[in-house]
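The structure appears below as structure tokens.
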Amino acid sequence: METIQRLEKVIGGRWLGVSIHDEPVKRKEEYVYPQADRFCEALKKVSLSKVIVEPEKLTCPGARFAFGWGNDLKETMIRKLVDTKGFTPACAGESIERTPHYQAGIRAIGINVSKTPEMFIAQLQPAQAMRLIQVYQKKLGNIFQAEISSVISACGNVVVKVIQKQDMAISFGCDDSRTFGELARDRLYVGLPYLQARAIMD
């Protein structure tokens with residue numbers, strides 16, 4: 001059984017495969033290019049389609065930063081956290097800097113376009129996330145260590161973190177993902193690297 005089907009059967013939720021491309025992806029009729037300013041918004045629009053997101057066209061500062069197109073936006077994001085969320089400048093700066101991100105801009109993000117994506121992502125209910133952590137602990141013999149941030153959630157602190165750390169990641173979302181990505185009040189983001197997902201679903 002395909003890994004996504006296993007995840008959906010054992011854990012629940014709807015899982016998507018995310019692949020990262022360092023070169024532009026050749027356009028095909030089967031690909032959908034959603035009108036989305038944010039990565040979380042693109043996730044919301046995926047149905048059964050094969051979706052290509054071009055990060056340089058995103059307008060969300062957090063997503064541009066996470067995918068390597070917004071290193072010049074650090075000060076803008078810091079000011080936003082200070083002005084709208086009451087962060088101290090030092091805390092805001094550290095929160096941004098510690099967010100997993102690419103140094104060079106990647107050219108495309110595929111959603112459901114590859115049989116062997118870099119990672120899988122889902123919006124889970126807390127009980128489903130608990131079940132996943134139980135399977136993770138039982139299969140891998142590890143206690144999951146979560147480092148959770150309230151900024152740059154789906155893009156940086158799930159997708160990029162999972163790929164760079166090669167470990168499961170969880171995020172409760174950020175304000176934009178709750179608003180534009182329509183992450184429901186009873187849902188959180190969970191991501192798994194490809195090989196780890198295969199291991200715990202065997």
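Going through the structure tokens in order, the chains are called A, B, and so on, while each chain numbers its residues from 1 and the ligands are numbered from 1 in the order shown.
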Problem - Shell around segment 189-193 of chain A at 6 Å using only C-alpha atoms, local window under 6 positions removed, as a VMD selection string - result: chain A and resid 119 to 123 158 162 166 168 to 171
Same residues, N, CA and C atoms, saved as a PDB file, in the first residue's frame:
```pdb
ATOM      1  N   MET A 119       9.023  14.883   1.668  1.00  0.00           N
ATOM      2  CA  MET A 119       8.302  14.796   2.933  1.00  0.00           C
ATOM      3  C   MET A 119       6.804  14.726   2.699  1.00  0.00           C
ATOM      4  N   PHE A 120       6.099  14.390   3.786  1.00  0.00           N
ATOM      5  CA  PHE A 120       4.638  14.361   3.785  1.00  0.00           C
ATOM      6  C   PHE A 120       4.144  15.346   4.833  1.00  0.00           C
ATOM      7  N   ILE A 121       3.018  16.022   4.532  1.00  0.00           N
ATOM      8  CA  ILE A 121       2.439  16.976   5.467  1.00  0.00           C
ATOM      9  C   ILE A 121       0.943  16.729   5.577  1.00  0.00           C
ATOM     10  N   ALA A 122       0.402  16.969   6.774  1.00  0.00           N
ATOM     11  CA  ALA A 122      -1.039  16.816   6.992  1.00  0.00           C
ATOM     12  C   ALA A 122      -1.504  17.807   8.044  1.00  0.00           C
ATOM     13  N   GLN A 123      -2.797  18.089   8.022  1.00  0.00           N
ATOM     14  CA  GLN A 123      -3.446  18.835   9.084  1.00  0.00           C
ATOM     15  C   GLN A 123      -4.179  17.814   9.941  1.00  0.00           C
ATOM     16  N   VAL A 158       7.678  23.382   9.405  1.00  0.00           N
ATOM     17  CA  VAL A 158       7.288  22.011   9.109  1.00  0.00           C
ATOM     18  C   VAL A 158       8.024  21.530   7.860  1.00  0.00           C
ATOM     19  N   VAL A 162      11.481  19.584   8.426  1.00  0.00           N
ATOM     20  CA  VAL A 162      11.443  18.135   8.223  1.00  0.00           C
ATOM     21  C   VAL A 162      12.527  17.704   7.237  1.00  0.00           C
ATOM     22  N   GLN A 166      15.431  15.836   8.882  1.00  0.00           N
ATOM     23  CA  GLN A 166      15.056  14.444   8.625  1.00  0.00           C
ATOM     24  C   GLN A 166      14.406  13.816   9.855  1.00  0.00           C
ATOM     25  N   MET A 168      10.391  14.116  12.235  1.00  0.00           N
ATOM     26  CA  MET A 168       9.031  14.622  12.316  1.00  0.00           C
ATOM     27  C   MET A 168       9.015  16.032  12.910  1.00  0.00           C
ATOM     28  N   ALA A 169       8.075  16.847  12.476  1.00  0.00           N
ATOM     29  CA  ALA A 169       7.902  18.194  13.024  1.00  0.00           C
ATOM     30  C   ALA A 169       6.417  18.477  13.188  1.00  0.00           C
ATOM     31  N   ILE A 170       6.111  19.294  14.183  1.00  0.00           N
ATOM     32  CA  ILE A 170       4.733  19.685  14.483  1.00  0.00           C
ATOM     33  C   ILE A 170       4.673  21.199  14.631  1.00  0.00           C
ATOM     34  N   SER A 171       3.595  21.804  14.147  1.00  0.00           N
ATOM     35  CA  SER A 171       3.376  23.239  14.337  1.00  0.00           C
ATOM     36  C   SER A 171       1.897  23.484  14.580  1.00  0.00           C
TER      37      SER A 171
END
```
Problem - Residues within 10 Å of segment 99-102 of chain A, only C-alpha atoms, excluding chain neighbours under 3 positions, as JSON, numbers by chain - result: {"A": [62, 63, 64, 65, 66, 67, 68, 69, 70, 71, 94, 95, 96, 105, 106, 149, 151, 152, 153, 155, 156, 157, 158, 159, 160, 161, 162, 163, 164, 165]}
Fill in the blank from the handout: With distances taken over only C-alpha atoms, the candidate from A:Leu195, A:Glu41, A:Gly93, A:Thr88 nearest Glu75 of chain A is A:Gly93
According to DSSP computed on the backbone, where in segment 101-135 of chain A is there alpha helix (DSSP H)? Give the residues as a CSV table (one decimal) with N, CA and C atoms, in the first residue's frame.
```csv
chain,number,residue,atom,x,y,z
A,126,PRO,N,-5.7,16.8,17.3
A,126,PRO,CA,-4.8,16.4,18.4
A,126,PRO,C,-4.8,14.9,18.7
A,127,ALA,N,-5.9,14.2,18.6
A,127,ALA,CA,-6.0,12.8,18.9
A,127,ALA,C,-5.2,12.0,17.8
A,128,GLN,N,-5.3,12.5,16.5
A,128,GLN,CA,-4.5,11.9,15.4
A,128,GLN,C,-3.0,12.1,15.6
A,129,ALA,N,-2.7,13.3,16.0
A,129,ALA,CA,-1.3,13.6,16.3
A,129,ALA,C,-0.7,12.7,17.4
A,130,MET,N,-1.5,12.5,18.4
A,130,MET,CA,-1.1,11.7,19.5
A,130,MET,C,-0.9,10.2,19.0
A,131,ARG,N,-1.8,9.8,18.1
A,131,ARG,CA,-1.6,8.4,17.6
A,131,ARG,C,-0.3,8.3,16.8
A,132,LEU,N,0.0,9.4,16.0
A,132,LEU,CA,1.2,9.4,15.2
A,132,LEU,C,2.4,9.3,16.1
A,133,ILE,N,2.4,10.1,17.2
A,133,ILE,CA,3.6,10.1,18.1
A,133,ILE,C,3.7,8.7,18.7
A,134,GLN,N,2.6,8.1,19.1
A,134,GLN,CA,2.7,6.7,19.6
A,134,GLN,C,3.4,5.8,18.6
A,135,VAL,N,2.9,5.8,17.4
A,135,VAL,CA,3.5,5.0,16.3
A,135,VAL,C,5.0,5.3,16.1
```
Problem - Among listed residues A:Asp186, A:Glu147, A:Glu97, A:Glu118, nearest Val18 of chain A (using only C-alpha atoms) - result: A:Glu118
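Within segment 56-187 of chain A, DSSP applied to the backbone places the following residues in strand (DSSP E or B): Ala108, Ile109, Gly110, Ile111, Met119, Phe120, Ile121, Ala122, Gln123, Leu124, Ala169, Ile170 and Ser171 of chain A.
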Fill in the blank from the handout: Closest of A:Ala199, A:Val113, A:Ala104, A:Cys40 to Arg178 of chain A, counting only C-alpha atoms, is A:Cys40
Fill in the blank from the handout: Of A:Tyr31, A:Arg98, A:Ala108, A:Thr76, the one sitting nearest Leu58 of chain A when using only C-alpha atoms is A:Ala108
Problem - Nearest candidate to Thr84 of chain A (options A:Asn112, A:Pro117, A:Gln35, A:Asp175; using only C-alpha atoms) - result: A:Asp175
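Of the listed residues (A:Val10, A:Ala92, A:Gly141, A:Ala197), A:Ala92 comes nearest to Lys80 of chain A; the distances count only C-alpha atoms.
Distance-wise, atom CA of Lys26 of chain A and atom CA of Glu2 of chain A end up 25.6 Å apart.
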